[in-house]
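Trainee: Pasting input-v8.cif here (mmCIF, C-alpha atoms):
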data_input
#
loop_
_atom_site.group_PDB
_atom_site.id
_atom_site.type_symbol
_atom_site.label_atom_id
_atom_site.label_comp_id
_atom_site.auth_asym_id
_atom_site.auth_seq_id
_atom_site.Cartn_x
_atom_site.Cartn_y
_atom_site.Cartn_z
ATOM 1 C CA MET Z 13 33.409 187.405 121.701
ATOM 2 C CA ALA Z 14 29.969 189.028 121.805
ATOM 3 C CA ALA Z 15 26.940 186.781 121.981
ATOM 4 C CA PRO Z 16 24.888 186.674 118.763
ATOM 5 C CA LYS Z 17 21.801 188.874 118.607
ATOM 6 C CA TYR Z 18 18.508 186.966 118.521
ATOM 7 C CA LEU Z 19 16.243 188.526 115.888
ATOM 8 C CA THR Z 20 13.136 186.341 115.942
ATOM 9 C CA GLY Z 21 10.106 188.314 117.111
ATOM 10 C CA ASP Z 22 11.940 191.666 117.197
ATOM 11 C CA SER Z 23 10.611 193.559 114.165
ATOM 12 C CA GLN Z 24 12.712 196.669 114.727
ATOM 13 C CA ALA Z 25 15.925 194.646 115.060
ATOM 14 C CA ILE Z 26 15.037 192.715 111.909
ATOM 15 C CA LYS Z 27 14.522 195.972 109.989
ATOM 16 C CA GLU Z 28 17.896 197.281 111.149
ATOM 17 C CA PHE Z 29 19.508 193.956 110.221
ATOM 18 C CA ILE Z 30 18.092 193.965 106.693
ATOM 19 C CA ASP Z 31 18.982 197.634 106.168
ATOM 20 C CA LYS Z 32 22.580 196.893 107.145
ATOM 21 C CA PHE Z 33 23.253 194.734 104.059
ATOM 22 C CA ASP Z 34 23.005 194.933 100.268
ATOM 23 C CA VAL Z 35 23.917 191.322 99.517
ATOM 24 C CA PHE Z 36 22.842 188.076 101.186
ATOM 25 C CA LEU Z 37 24.727 184.821 100.583
ATOM 26 C CA PHE Z 38 22.462 181.858 101.351
ATOM 27 C CA ASP Z 39 23.351 178.279 102.049
ATOM 28 C CA CYS Z 40 20.602 175.995 100.680
ATOM 29 C CA ASP Z 41 20.438 172.661 102.534
ATOM 30 C CA GLY Z 42 19.130 173.333 106.036
ATOM 31 C CA VAL Z 43 18.319 176.995 105.274
ATOM 32 C CA ILE Z 44 16.123 177.129 102.164
ATOM 33 C CA TRP Z 45 15.092 173.481 102.148
ATOM 34 C CA SER Z 46 15.712 170.010 103.513
ATOM 35 C CA GLY Z 47 15.747 167.570 100.611
ATOM 36 C CA ASP Z 48 12.680 168.431 98.536
ATOM 37 C CA HIS Z 49 10.891 170.148 101.409
ATOM 38 C CA VAL Z 50 10.979 173.954 101.247
ATOM 39 C CA PHE Z 51 10.809 175.538 104.679
ATOM 40 C CA GLU Z 52 7.630 177.505 105.303
ATOM 41 C CA GLY Z 53 7.804 181.184 104.361
ATOM 42 C CA VAL Z 54 11.171 180.990 102.574
ATOM 43 C CA ILE Z 55 9.812 182.030 99.168
ATOM 44 C CA GLU Z 56 8.077 185.072 100.671
ATOM 45 C CA THR Z 57 11.237 185.976 102.610
ATOM 46 C CA LEU Z 58 13.349 185.958 99.457
ATOM 47 C CA GLU Z 59 10.720 188.063 97.682
ATOM 48 C CA LEU Z 60 10.793 190.552 100.570
ATOM 49 C CA LEU Z 61 14.560 190.950 100.391
ATOM 50 C CA ARG Z 62 14.531 191.337 96.623
ATOM 51 C CA SER Z 63 11.730 193.907 96.837
ATOM 52 C CA LYS Z 64 14.048 195.953 99.041
ATOM 53 C CA GLY Z 65 16.753 195.852 96.369
ATOM 54 C CA LYS Z 66 18.871 193.198 98.062
ATOM 55 C CA LYS Z 67 20.950 190.826 95.944
ATOM 56 C CA THR Z 68 20.503 187.149 96.773
ATOM 57 C CA ILE Z 69 23.202 184.582 95.976
ATOM 58 C CA PHE Z 70 22.895 180.878 96.756
ATOM 59 C CA VAL Z 71 26.203 179.366 97.883
ATOM 60 C CA THR Z 72 25.991 175.609 98.344
ATOM 61 C CA ASN Z 73 28.523 172.937 99.215
ATOM 62 C CA ASN Z 74 26.331 170.216 97.698
ATOM 63 C CA SER Z 75 28.251 169.100 94.601
ATOM 64 C CA THR Z 76 25.715 166.571 93.291
ATOM 65 C CA LYS Z 77 24.004 169.204 91.146
ATOM 66 C CA SER Z 78 25.334 171.689 88.598
ATOM 67 C CA ARG Z 79 24.139 175.289 88.530
ATOM 68 C CA GLY Z 80 21.633 174.402 85.833
ATOM 69 C CA GLN Z 81 20.335 171.458 87.846
ATOM 70 C CA TYR Z 82 20.013 173.679 90.908
ATOM 71 C CA LEU Z 83 18.071 176.185 88.859
ATOM 72 C CA ALA Z 84 15.699 173.395 87.825
ATOM 73 C CA LYS Z 85 15.281 172.426 91.489
ATOM 74 C CA PHE Z 86 14.539 176.028 92.450
ATOM 75 C CA ALA Z 87 11.905 176.163 89.722
ATOM 76 C CA SER Z 88 10.331 172.845 90.752
ATOM 77 C CA LEU Z 89 10.020 174.110 94.318
ATOM 78 C CA GLY Z 90 8.491 177.401 93.224
ATOM 79 C CA ILE Z 91 11.516 179.536 94.110
ATOM 80 C CA PRO Z 92 12.230 182.229 91.498
ATOM 81 C CA SER Z 93 15.927 182.348 90.596
ATOM 82 C CA VAL Z 94 18.421 182.611 87.738
ATOM 83 C CA GLU Z 95 21.535 180.529 87.112
ATOM 84 C CA GLU Z 96 23.813 183.511 87.810
ATOM 85 C CA GLU Z 97 22.598 183.552 91.436
ATOM 86 C CA VAL Z 98 23.780 179.974 92.066
ATOM 87 C CA PHE Z 99 27.371 179.286 93.123
ATOM 88 C CA GLY Z 100 28.048 175.666 94.056
ATOM 89 C CA SER Z 101 31.115 173.740 95.140
ATOM 90 C CA ALA Z 102 31.102 171.746 91.870
ATOM 91 C CA TYR Z 103 31.348 175.005 89.914
ATOM 92 C CA SER Z 104 33.961 176.391 92.306
ATOM 93 C CA SER Z 105 36.043 173.222 91.829
ATOM 94 C CA ALA Z 106 35.853 173.414 88.043
ATOM 95 C CA ILE Z 107 36.886 177.073 88.089
ATOM 96 C CA TYR Z 108 39.838 176.296 90.372
ATOM 97 C CA ILE Z 109 41.054 173.396 88.223
ATOM 98 C CA SER Z 110 40.796 175.255 84.930
ATOM 99 C CA ARG Z 111 41.857 178.760 85.898
ATOM 100 C CA ILE Z 112 44.158 178.336 88.893
ATOM 101 C CA LEU Z 113 45.539 174.786 88.947
ATOM 102 C CA LYS Z 114 45.973 174.772 85.146
ATOM 103 C CA LEU Z 115 47.292 171.217 84.795
ATOM 104 C CA GLU Z 116 49.444 170.798 81.690
ATOM 105 C CA PRO Z 117 48.222 168.286 79.089
ATOM 106 C CA PRO Z 118 48.343 165.431 78.632
ATOM 107 C CA LYS Z 119 48.368 164.883 82.420
ATOM 108 C CA ASN Z 120 45.345 167.127 82.987
ATOM 109 C CA LYS Z 121 42.574 164.585 83.407
ATOM 110 C CA VAL Z 122 40.501 164.488 86.608
ATOM 111 C CA PHE Z 123 39.436 161.300 88.385
ATOM 112 C CA VAL Z 124 36.033 162.093 89.856
ATOM 113 C CA ILE Z 125 34.481 160.577 92.941
ATOM 114 C CA GLY Z 126 31.089 162.237 92.776
ATOM 115 C CA GLU Z 127 27.850 162.740 90.925
ATOM 116 C CA ALA Z 128 26.676 164.334 87.669
ATOM 117 C CA GLY Z 129 26.843 167.901 89.014
ATOM 118 C CA ILE Z 130 30.635 167.746 89.105
ATOM 119 C CA GLU Z 131 30.815 166.233 85.628
ATOM 120 C CA HIS Z 132 28.595 168.940 84.150
ATOM 121 C CA GLU Z 133 30.665 171.784 85.604
ATOM 122 C CA LEU Z 134 33.926 170.160 84.478
ATOM 123 C CA ARG Z 135 32.528 169.976 80.946
ATOM 124 C CA THR Z 136 31.655 173.681 80.998
ATOM 125 C CA GLU Z 137 35.343 174.375 81.629
ATOM 126 C CA ASN Z 138 36.480 171.797 79.032
ATOM 127 C CA ILE Z 139 38.225 169.680 81.664
ATOM 128 C CA PRO Z 140 38.673 165.970 80.735
ATOM 129 C CA PHE Z 141 37.654 163.480 83.412
ATOM 130 C CA ILE Z 142 36.960 159.831 84.177
ATOM 131 C CA GLY Z 143 35.115 158.061 87.002
ATOM 132 C CA GLY Z 144 32.074 159.832 88.406
ATOM 133 C CA THR Z 145 28.835 158.330 87.117
ATOM 134 C CA ASP Z 146 30.565 155.923 84.690
ATOM 135 C CA PRO Z 147 28.827 152.522 85.209
ATOM 136 C CA GLY Z 148 32.232 150.893 84.852
ATOM 137 C CA PHE Z 149 33.108 152.237 88.302
ATOM 138 C CA ARG Z 150 29.756 151.474 89.918
ATOM 139 C CA ARG Z 151 30.331 147.780 90.517
ATOM 140 C CA ASP Z 152 32.043 145.321 92.805
ATOM 141 C CA VAL Z 153 35.804 144.993 92.667
ATOM 142 C CA THR Z 154 37.205 141.827 91.078
ATOM 143 C CA PRO Z 155 40.533 139.942 91.375
ATOM 144 C CA GLU Z 156 41.422 141.294 87.929
ATOM 145 C CA ASP Z 157 40.870 144.834 89.215
ATOM 146 C CA PHE Z 158 43.364 144.325 92.037
ATOM 147 C CA LYS Z 159 45.989 143.070 89.608
ATOM 148 C CA GLY Z 160 45.405 145.762 86.965
ATOM 149 C CA ILE Z 161 45.260 148.622 89.444
ATOM 150 C CA ALA Z 162 48.420 147.440 91.217
ATOM 151 C CA ASP Z 163 50.465 147.115 88.027
ATOM 152 C CA GLY Z 164 48.965 150.266 86.529
ATOM 153 C CA SER Z 165 47.476 148.622 83.448
ATOM 154 C CA LEU Z 166 43.939 149.670 84.478
ATOM 155 C CA LEU Z 167 44.963 153.210 85.381
ATOM 156 C CA ASP Z 168 44.743 156.213 83.053
ATOM 157 C CA PRO Z 169 48.240 157.741 82.743
ATOM 158 C CA ASP Z 170 46.735 161.172 81.997
ATOM 159 C CA VAL Z 171 45.078 161.598 85.411
ATOM 160 C CA GLY Z 172 46.697 164.487 87.279
ATOM 161 C CA CYS Z 173 44.002 165.267 89.820
ATOM 162 C CA VAL Z 174 41.562 163.432 92.091
ATOM 163 C CA LEU Z 175 38.412 165.395 92.928
ATOM 164 C CA ALA Z 176 36.227 163.990 95.727
ATOM 165 C CA GLY Z 177 32.680 165.168 96.269
ATOM 166 C CA LEU Z 178 29.398 163.777 97.519
ATOM 167 C CA ASP Z 179 28.975 160.383 95.845
ATOM 168 C CA PHE Z 180 25.858 158.280 96.417
ATOM 169 C CA HIS Z 181 27.603 155.306 94.772
ATOM 170 C CA VAL Z 182 31.005 155.425 96.433
ATOM 171 C CA ASN Z 183 32.632 151.987 96.611
ATOM 172 C CA TYR Z 184 35.894 150.132 97.040
ATOM 173 C CA LEU Z 185 36.714 150.266 93.329
ATOM 174 C CA LYS Z 186 36.538 154.058 93.187
ATOM 175 C CA LEU Z 187 38.570 154.466 96.366
ATOM 176 C CA ALA Z 188 41.197 152.025 95.107
ATOM 177 C CA HIS Z 189 41.602 153.976 91.870
ATOM 178 C CA GLY Z 190 41.699 157.301 93.701
ATOM 179 C CA PHE Z 191 44.344 156.005 96.116
ATOM 180 C CA GLN Z 192 46.598 154.777 93.328
ATOM 181 C CA TYR Z 193 46.341 158.057 91.407
ATOM 182 C CA LEU Z 194 47.221 160.018 94.544
ATOM 183 C CA GLN Z 195 50.187 157.718 95.207
ATOM 184 C CA ARG Z 196 51.360 158.490 91.708
ATOM 185 C CA GLY Z 197 51.365 162.229 92.372
ATOM 186 C CA ALA Z 198 47.860 163.414 91.471
ATOM 187 C CA VAL Z 199 46.629 166.620 93.133
ATOM 188 C CA PHE Z 200 44.046 165.895 95.852
ATOM 189 C CA LEU Z 201 40.988 168.196 95.810
ATOM 190 C CA ALA Z 202 37.602 168.066 97.516
ATOM 191 C CA THR Z 203 34.466 169.956 96.603
ATOM 192 C CA ASN Z 204 33.936 170.430 100.343
ATOM 193 C CA THR Z 205 34.563 168.677 103.635
ATOM 194 C CA ASP Z 206 31.096 168.678 105.259
ATOM 195 C CA PRO Z 207 30.904 165.439 107.299
ATOM 196 C CA THR Z 208 27.102 165.324 106.964
ATOM 197 C CA PHE Z 209 24.336 167.012 104.986
ATOM 198 C CA PRO Z 210 20.615 167.477 105.716
ATOM 199 C CA MET Z 211 18.084 165.546 103.648
ATOM 200 C CA SER Z 212 14.402 164.707 104.179
ATOM 201 C CA ARG Z 213 14.521 166.372 107.621
ATOM 202 C CA GLY Z 214 17.362 164.080 108.696
ATOM 203 C CA PHE Z 215 21.151 163.890 108.301
ATOM 204 C CA PHE Z 216 23.269 161.690 106.043
ATOM 205 C CA PRO Z 217 26.990 161.248 105.183
ATOM 206 C CA GLY Z 218 28.404 164.307 103.428
ATOM 207 C CA ALA Z 219 31.214 164.864 100.937
ATOM 208 C CA GLY Z 220 33.771 165.135 103.721
ATOM 209 C CA SER Z 221 32.953 161.589 104.779
ATOM 210 C CA ILE Z 222 33.377 160.366 101.196
ATOM 211 C CA GLY Z 223 36.886 161.765 100.791
ATOM 212 C CA LEU Z 224 38.013 160.950 104.331
ATOM 213 C CA PRO Z 225 39.155 157.364 103.549
ATOM 214 C CA LEU Z 226 41.521 158.695 100.874
ATOM 215 C CA ALA Z 227 42.893 161.311 103.262
ATOM 216 C CA ASN Z 228 43.440 158.548 105.806
ATOM 217 C CA MET Z 229 45.232 156.372 103.230
ATOM 218 C CA ILE Z 230 47.733 159.015 102.108
ATOM 219 C CA GLY Z 231 48.008 160.906 105.401
ATOM 220 C CA LYS Z 232 47.106 164.218 103.786
ATOM 221 C CA LYS Z 233 43.942 166.280 103.645
ATOM 222 C CA PRO Z 234 42.618 167.518 100.296
ATOM 223 C CA LEU Z 235 42.403 171.160 99.339
ATOM 224 C CA ALA Z 236 38.703 171.921 99.838
ATOM 225 C CA LEU Z 237 37.037 174.298 97.394
ATOM 226 C CA GLY Z 238 33.672 174.781 99.093
ATOM 227 C CA LYS Z 239 32.787 176.696 102.252
ATOM 228 C CA PRO Z 240 34.652 177.692 104.390
ATOM 229 C CA SER Z 241 37.467 177.844 101.806
ATOM 230 C CA GLN Z 242 38.314 181.450 100.999
ATOM 231 C CA ALA Z 243 39.167 180.372 97.471
ATOM 232 C CA MET Z 244 35.409 180.075 97.062
ATOM 233 C CA MET Z 245 34.782 183.496 98.639
ATOM 234 C CA ASP Z 246 37.329 185.120 96.335
ATOM 235 C CA ALA Z 247 35.692 183.486 93.325
ATOM 236 C CA ILE Z 248 32.236 184.695 94.378
ATOM 237 C CA GLU Z 249 33.486 188.231 95.000
ATOM 238 C CA GLY Z 250 35.280 188.216 91.670
ATOM 239 C CA LYS Z 251 32.089 187.254 89.887
ATOM 240 C CA PHE Z 252 29.627 189.554 91.691
ATOM 241 C CA GLN Z 253 31.870 192.468 92.737
ATOM 242 C CA PHE Z 254 30.172 193.103 96.075
ATOM 243 C CA ASP Z 255 31.216 195.123 99.114
ATOM 244 C CA ARG Z 256 32.113 192.572 101.801
ATOM 245 C CA GLU Z 257 31.210 195.000 104.568
ATOM 246 C CA ARG Z 258 27.655 195.206 103.175
ATOM 247 C CA THR Z 259 27.319 191.435 102.713
ATOM 248 C CA CYS Z 260 25.843 188.834 105.085
ATOM 249 C CA MET Z 261 26.313 185.055 105.049
ATOM 250 C CA VAL Z 262 23.209 183.073 106.048
ATOM 251 C CA GLY Z 263 23.650 179.428 106.987
ATOM 252 C CA ASP Z 264 22.953 176.563 109.361
ATOM 253 C CA ARG Z 265 26.463 175.195 109.934
ATOM 254 C CA LEU Z 266 28.999 176.936 112.156
ATOM 255 C CA ASP Z 267 32.028 175.093 110.742
ATOM 256 C CA THR Z 268 31.230 175.918 107.103
ATOM 257 C CA ASP Z 269 28.686 178.721 106.589
ATOM 258 C CA ILE Z 270 29.359 180.954 109.589
ATOM 259 C CA LYS Z 271 33.106 180.342 109.527
ATOM 260 C CA PHE Z 272 33.030 181.135 105.791
ATOM 261 C CA GLY Z 273 31.508 184.546 106.468
ATOM 262 C CA ILE Z 274 33.759 185.388 109.402
ATOM 263 C CA GLU Z 275 36.998 184.381 107.698
ATOM 264 C CA GLY Z 276 35.815 186.192 104.580
ATOM 265 C CA ARG Z 277 35.521 189.406 106.633
ATOM 266 C CA LEU Z 278 31.878 189.887 105.701
ATOM 267 C CA GLY Z 279 29.827 192.523 107.469
ATOM 268 C CA GLY Z 280 27.684 189.932 109.211
ATOM 269 C CA THR Z 281 26.653 186.306 109.623
ATOM 270 C CA LEU Z 282 23.170 184.958 110.347
ATOM 271 C CA ALA Z 283 22.588 181.452 111.691
ATOM 272 C CA VAL Z 284 19.251 179.666 111.241
ATOM 273 C CA LEU Z 285 18.211 176.806 113.502
ATOM 274 C CA THR Z 286 16.533 174.650 110.845
ATOM 275 C CA GLY Z 287 19.659 172.676 109.975
ATOM 276 C CA VAL Z 288 22.772 171.220 111.584
ATOM 277 C CA SER Z 289 24.026 173.647 114.251
ATOM 278 C CA LYS Z 290 22.078 174.667 117.334
ATOM 279 C CA LYS Z 291 22.436 177.413 119.940
ATOM 280 C CA ALA Z 292 24.381 175.119 122.273
ATOM 281 C CA ASP Z 293 27.024 174.626 119.572
ATOM 282 C CA TRP Z 294 28.134 178.277 119.501
ATOM 283 C CA GLU Z 295 27.791 178.589 123.277
ATOM 284 C CA ALA Z 296 30.365 175.814 123.719
ATOM 285 C CA GLU Z 297 33.935 176.824 124.590
ATOM 286 C CA ASP Z 298 35.275 175.003 121.520
ATOM 287 C CA ALA Z 299 32.714 176.460 119.104
ATOM 288 C CA ALA Z 300 33.851 176.354 115.473
ATOM 289 C CA ALA Z 301 32.462 179.871 114.971
ATOM 290 C CA VAL Z 302 29.945 182.249 116.513
ATOM 291 C CA PRO Z 303 27.367 184.050 114.330
ATOM 292 C CA ALA Z 304 26.625 187.753 114.707
ATOM 293 C CA PHE Z 305 22.862 187.127 114.482
ATOM 294 C CA TYR Z 306 20.484 184.195 114.620
ATOM 295 C CA VAL Z 307 16.828 183.342 113.991
ATOM 296 C CA ASP Z 308 14.747 180.254 114.561
ATOM 297 C CA GLU Z 309 14.049 180.017 110.827
ATOM 298 C CA LEU Z 310 14.701 182.141 107.765
ATOM 299 C CA SER Z 311 11.056 183.168 107.420
ATOM 300 C CA ASP Z 312 11.307 185.060 110.726
ATOM 301 C CA LEU Z 313 12.873 187.884 108.697
ATOM 302 C CA ARG Z 314 9.412 188.656 107.299
ATOM 303 C CA ASP Z 315 8.503 190.202 110.647
ATOM 304 C CA THR Z 316 10.098 193.537 109.894
ATOM 305 C CA ALA Z 317 8.969 196.973 111.022
ATOM 306 C CA GLU Z 318 8.266 199.255 108.085
#
Show me the file's structure as structure tokens.
Mentor:
Amino acid sequence: MAAPKYLTGDSQAIKEFIDKFDVFLFDCDGVIWSGDHVFEGVIETLELLRSKGKKTIFVTNNSTKSRGQYLAKFASLGIPSVEEEVFGSAYSSAIYISRILKLEPPKNKVFVIGEAGIEHELRTENIPFIGGTDPGFRRDVTPEDFKGIADGSLLDPDVGCVLAGLDFHVNYLKLAHGFQYLQRGAVFLATNTDPTFPMSRGFFPGAGSIGLPLANMIGKKPLALGKPSQAMMDAIEGKFQFDRERTCMVGDRLDTDIKFGIEGRLGGTLAVLTGVSKKADWEAEDAAAVPAFYVDELSDLRDTAE
């Protein structure tokens, strides 16, 4: 496999790179920002690409926010955007459940392990759910819980799916409910399987680490609906109708972003070194994926020869 081309500091190569594509799919965490810190020059870089007629789409595995909430975050950080440009794993999961899984009522309720972003997107697709941010699940487990969960009296008989995403309040009670629903035949889905995610210039447990205990309990991995799942790529292509050969995936993780672009047969992939993966990761023999191009940071694309 060819080594990725290093673009930073090479204005002619950057120009040729930009000219090669019409559409850029951007990961957010570790590429655009880390937590509430926007990387220097990102806003100007996005403006440059748009001024050249390029379409920008933000594809994030972070399920804690809905598209509308992401739009509000973009606005608060001074990044011009519209809701149509945002495609998150919470939205992808809701689309999959409503339009592909199509659970038959009454057993069509979703037990959510996750935050408000998932709940909002499920509501937009009119999908019933329990769990999530319900205070009744954000507490310590009691002896009565053990009894009622075991005999089924505390379980909702209409739950047909367990959806696990990033949950900042995950606890034993939620996992116990999720386990029992899965044992009773519920479909096991995950917004994504990222083991970690970048925040405040550091790294913290990701959605993949939240759902992992359930996978360990039942001996089966969930169907993941975020990157690198091609179900997500198909949904994005269906919505935006782009030419894959003229599309580039930009991300910081080899095992999600870059793999997503390669398996999706996109025309190119660009890795940035402001997030999880580093140069040594794709130089390793067991690399999850190897990007076609890389830069130190996204703003390096501003150095383009006119």
Trainee: Do you know which residues are at most 9 Å from Val54 of chain Z counting all atoms listed in the file, after dropping those on the same chain fewer than 6 positions away, and could you put them as a CSV table (one decimal) with C-alpha atoms, in the frame of the given file?
Mentor:
chain,number,residue,atom,x,y,z
Z,43,VAL,CA,18.3,177.0,105.3
Z,44,ILE,CA,16.1,177.1,102.2
Z,45,TRP,CA,15.1,173.5,102.1
Z,91,ILE,CA,11.5,179.5,94.1
Z,309,GLU,CA,14.0,180.0,110.8
Z,310,LEU,CA,14.7,182.1,107.8
Z,311,SER,CA,11.1,183.2,107.4
Trainee: Out of Z:Leu83, Z:Ile30, Z:Leu58, Z:Val171, which residue has the shortest atom-to-atom distance to Ala198 of chain Z when counting all atoms listed in the file?
Mentor: Z:Val171
Trainee: Taking 2 positions as the minimum chain separation for residues in the same chain, which residues sit within 6 Å of Phe141 of chain Z when counting all atoms listed in the file? Answer as number ranges by chain.
Mentor: Z: 121-123
Trainee: Which one of Z:Gly129, Z:Gly231, Z:Gly263, Z:Pro217 sits closest to Thr203 of chain Z if you count only C-alpha atoms?
Mentor: Z:Gly129
Trainee: List, as a ChimeraX atom specification, every residue that the PyMOL selection byres ((chain Z and resi 301) around 8) selects in the file provided.
Mentor: /Z:266-267,270-271,274,294,299-300,302-303
Trainee: Calculated over all atoms listed in the file, which of the candidates Z:Ser78, Z:His189, Z:Lys291, Z:Phe36 has the smallest distance to Thr259 of chain Z?
Mentor: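 Counting all atoms listed in the file, the residue closest to Thr259 of chain Z is Z:Phe36.
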Trainee: Check which residues satisfy the PyMOL selection byres ((chain Z and resi 262) around 6) in the file shown, then give them as JSON, numbers by chain.
Mentor: {"Z": [37, 38, 261, 263, 281, 282, 283]}
Trainee: Rank nothing, just name the residue among Z:Tyr184, Z:Tyr18, Z:Phe209, Z:Tyr82 nearest to Thr268 of chain Z, using only C-alpha atoms.
Mentor: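 With only C-alpha atoms as the atom set, the closest residue is Z:Phe209.
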Trainee: For segment 232-304 of chain Z versus segment 99-106 of chain Z, which residues have an atom no more than 7 Å away, and what is each residue's nearest atom pair and distance in Å rounded to one decimal, using all atoms listed in the file, chain-then-number order, as JSON lines?
Mentor:
{"residue": "Z:Leu237", "atom": "CA", "partner": "Z:Ser105", "partner_atom": "CA", "distance": 5.8}
{"residue": "Z:Gly238", "atom": "CA", "partner": "Z:Ser101", "partner_atom": "CA", "distance": 4.8}
{"residue": "Z:Met244", "atom": "CA", "partner": "Z:Ser104", "partner_atom": "CA", "distance": 6.2}
Trainee: Using 5 Å of padding on each side, determine the axis-aligned box around all atoms of segment 256-274 of chain Z present in the file and give its centre and edge lengths in Å to one decimal, as lines of an AutoDock Vina configuration file.
Mentor:
center_x = 28.4
center_y = 185.1
center_z = 107.0
size_x = 20.8
size_y = 30.1
size_z = 20.4
Trainee: Work out how far apart atom CA of Met229 of chain Z and atom CA of Ser241 of chain Z are and give it in Å to one decimal.
Mentor: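 We find that atom CA of Met229 of chain Z and atom CA of Ser241 of chain Z lie 22.9 Å from each other.
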Trainee: Let me make sure I understand: among Z:Thr286, Z:Glu275, Z:Ala188, Z:Pro225, which one has the smallest atom-to-atom distance to Lys159 of chain Z if we use all atoms listed in the file?
Mentor: Z:Ala188
Trainee: Point out the residue among Z:Asp163, Z:Asp315, Z:Glu127, Z:Asp152 with the least atom-to-atom distance to Leu61 of chain Z, counting only C-alpha atoms.
Mentor: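 Once distances to Leu61 of chain Z are computed over only C-alpha atoms, the minimum belongs to Z:Asp315.
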Trainee: Apply the PyMOL selection byres ((chain Z and resi 308) around 6) to the file shown and report the selected residues as a short mmCIF file (atom, residue, chain, number, x, y, z; two decimals) with C-alpha atoms, keeping the file's coordinate frame.
Mentor:
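To be explicit, this is the file written out as expr-v2.cif:
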data_model
loop_
_atom_site.label_atom_id
_atom_site.label_comp_id
_atom_site.auth_asym_id
_atom_site.auth_seq_id
_atom_site.Cartn_x
_atom_site.Cartn_y
_atom_site.Cartn_z
CA VAL Z 284 19.25 179.67 111.24
CA LEU Z 285 18.21 176.81 113.50
CA VAL Z 307 16.83 183.34 113.99
CA GLU Z 309 14.05 180.02 110.83
#
Trainee: For the atom pair atom CA of Gly172 of chain Z and atom CA of Leu224 of chain Z, what is the interatomic distance in Å to one decimal place?
Mentor: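 So the answer is 19.5 Å.
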Trainee: What is the distance between atom CA of Asn73 of chain Z and atom CA of Gly220 of chain Z, in Å to one decimal?
Mentor: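 Distance reported for this atom pair: 10.4 Å.
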Trainee: Mind filling out segment 147-151 of chain Z with all heavy atoms and sending it as a PDB file, keeping the file's coordinate frame?
Mentor:
ATOM      1  N   PRO Z 147      29.254 153.821  84.664  1.00  0.00           N
ATOM      2  CA  PRO Z 147      28.827 152.522  85.209  1.00  0.00           C
ATOM      3  C   PRO Z 147      29.984 151.565  85.439  1.00  0.00           C
ATOM      4  O   PRO Z 147      29.901 150.666  86.284  1.00  0.00           O
ATOM      5  CB  PRO Z 147      27.870 151.983  84.134  1.00  0.00           C
ATOM      6  CG  PRO Z 147      27.380 153.196  83.408  1.00  0.00           C
ATOM      7  CD  PRO Z 147      28.544 154.147  83.406  1.00  0.00           C
ATOM      8  N   GLY Z 148      31.076 151.760  84.692  1.00  0.00           N
ATOM      9  CA  GLY Z 148      32.232 150.893  84.852  1.00  0.00           C
ATOM     10  C   GLY Z 148      32.877 150.983  86.222  1.00  0.00           C
ATOM     11  O   GLY Z 148      33.632 150.084  86.627  1.00  0.00           O
ATOM     12  N   PHE Z 149      32.579 152.073  86.944  1.00  0.00           N
ATOM     13  CA  PHE Z 149      33.108 152.237  88.302  1.00  0.00           C
ATOM     14  C   PHE Z 149      32.053 151.979  89.375  1.00  0.00           C
ATOM     15  O   PHE Z 149      32.358 152.017  90.563  1.00  0.00           O
ATOM     16  CB  PHE Z 149      33.695 153.644  88.473  1.00  0.00           C
ATOM     17  CG  PHE Z 149      34.979 153.866  87.735  1.00  0.00           C
ATOM     18  CD1 PHE Z 149      34.984 154.407  86.456  1.00  0.00           C
ATOM     19  CD2 PHE Z 149      36.185 153.500  88.303  1.00  0.00           C
ATOM     20  CE1 PHE Z 149      36.166 154.604  85.759  1.00  0.00           C
ATOM     21  CE2 PHE Z 149      37.381 153.694  87.625  1.00  0.00           C
ATOM     22  CZ  PHE Z 149      37.378 154.245  86.341  1.00  0.00           C
ATOM     23  N   ARG Z 150      30.831 151.733  88.965  1.00  0.00           N
ATOM     24  CA  ARG Z 150      29.756 151.474  89.918  1.00  0.00           C
ATOM     25  C   ARG Z 150      29.471 149.974  90.000  1.00  0.00           C
ATOM     26  O   ARG Z 150      28.412 149.495  89.606  1.00  0.00           O
ATOM     27  CB  ARG Z 150      28.489 152.246  89.512  1.00  0.00           C
ATOM     28  CG  ARG Z 150      28.601 153.746  89.691  1.00  0.00           C
ATOM     29  CD  ARG Z 150      27.299 154.443  89.317  1.00  0.00           C
ATOM     30  NE  ARG Z 150      27.311 155.857  89.685  1.00  0.00           N
ATOM     31  CZ  ARG Z 150      26.293 156.690  89.479  1.00  0.00           C
ATOM     32  NH1 ARG Z 150      25.178 156.252  88.901  1.00  0.00           N
ATOM     33  NH2 ARG Z 150      26.376 157.961  89.845  1.00  0.00           N
ATOM     34  N   ARG Z 151      30.453 149.244  90.444  1.00  0.00           N
ATOM     35  CA  ARG Z 151      30.331 147.780  90.517  1.00  0.00           C
ATOM     36  C   ARG Z 151      31.274 147.252  91.585  1.00  0.00           C
ATOM     37  O   ARG Z 151      32.094 147.985  92.143  1.00  0.00           O
ATOM     38  CB  ARG Z 151      30.659 147.165  89.160  1.00  0.00           C
ATOM     39  CG  ARG Z 151      32.070 147.479  88.674  1.00  0.00           C
ATOM     40  CD  ARG Z 151      32.412 146.774  87.375  1.00  0.00           C
ATOM     41  NE  ARG Z 151      33.753 147.134  86.897  1.00  0.00           N
ATOM     42  CZ  ARG Z 151      34.883 146.623  87.361  1.00  0.00           C
ATOM     43  NH1 ARG Z 151      34.868 145.725  88.349  1.00  0.00           N
ATOM     44  NH2 ARG Z 151      36.060 147.007  86.859  1.00  0.00           N
TER      45      ARG Z 151
END
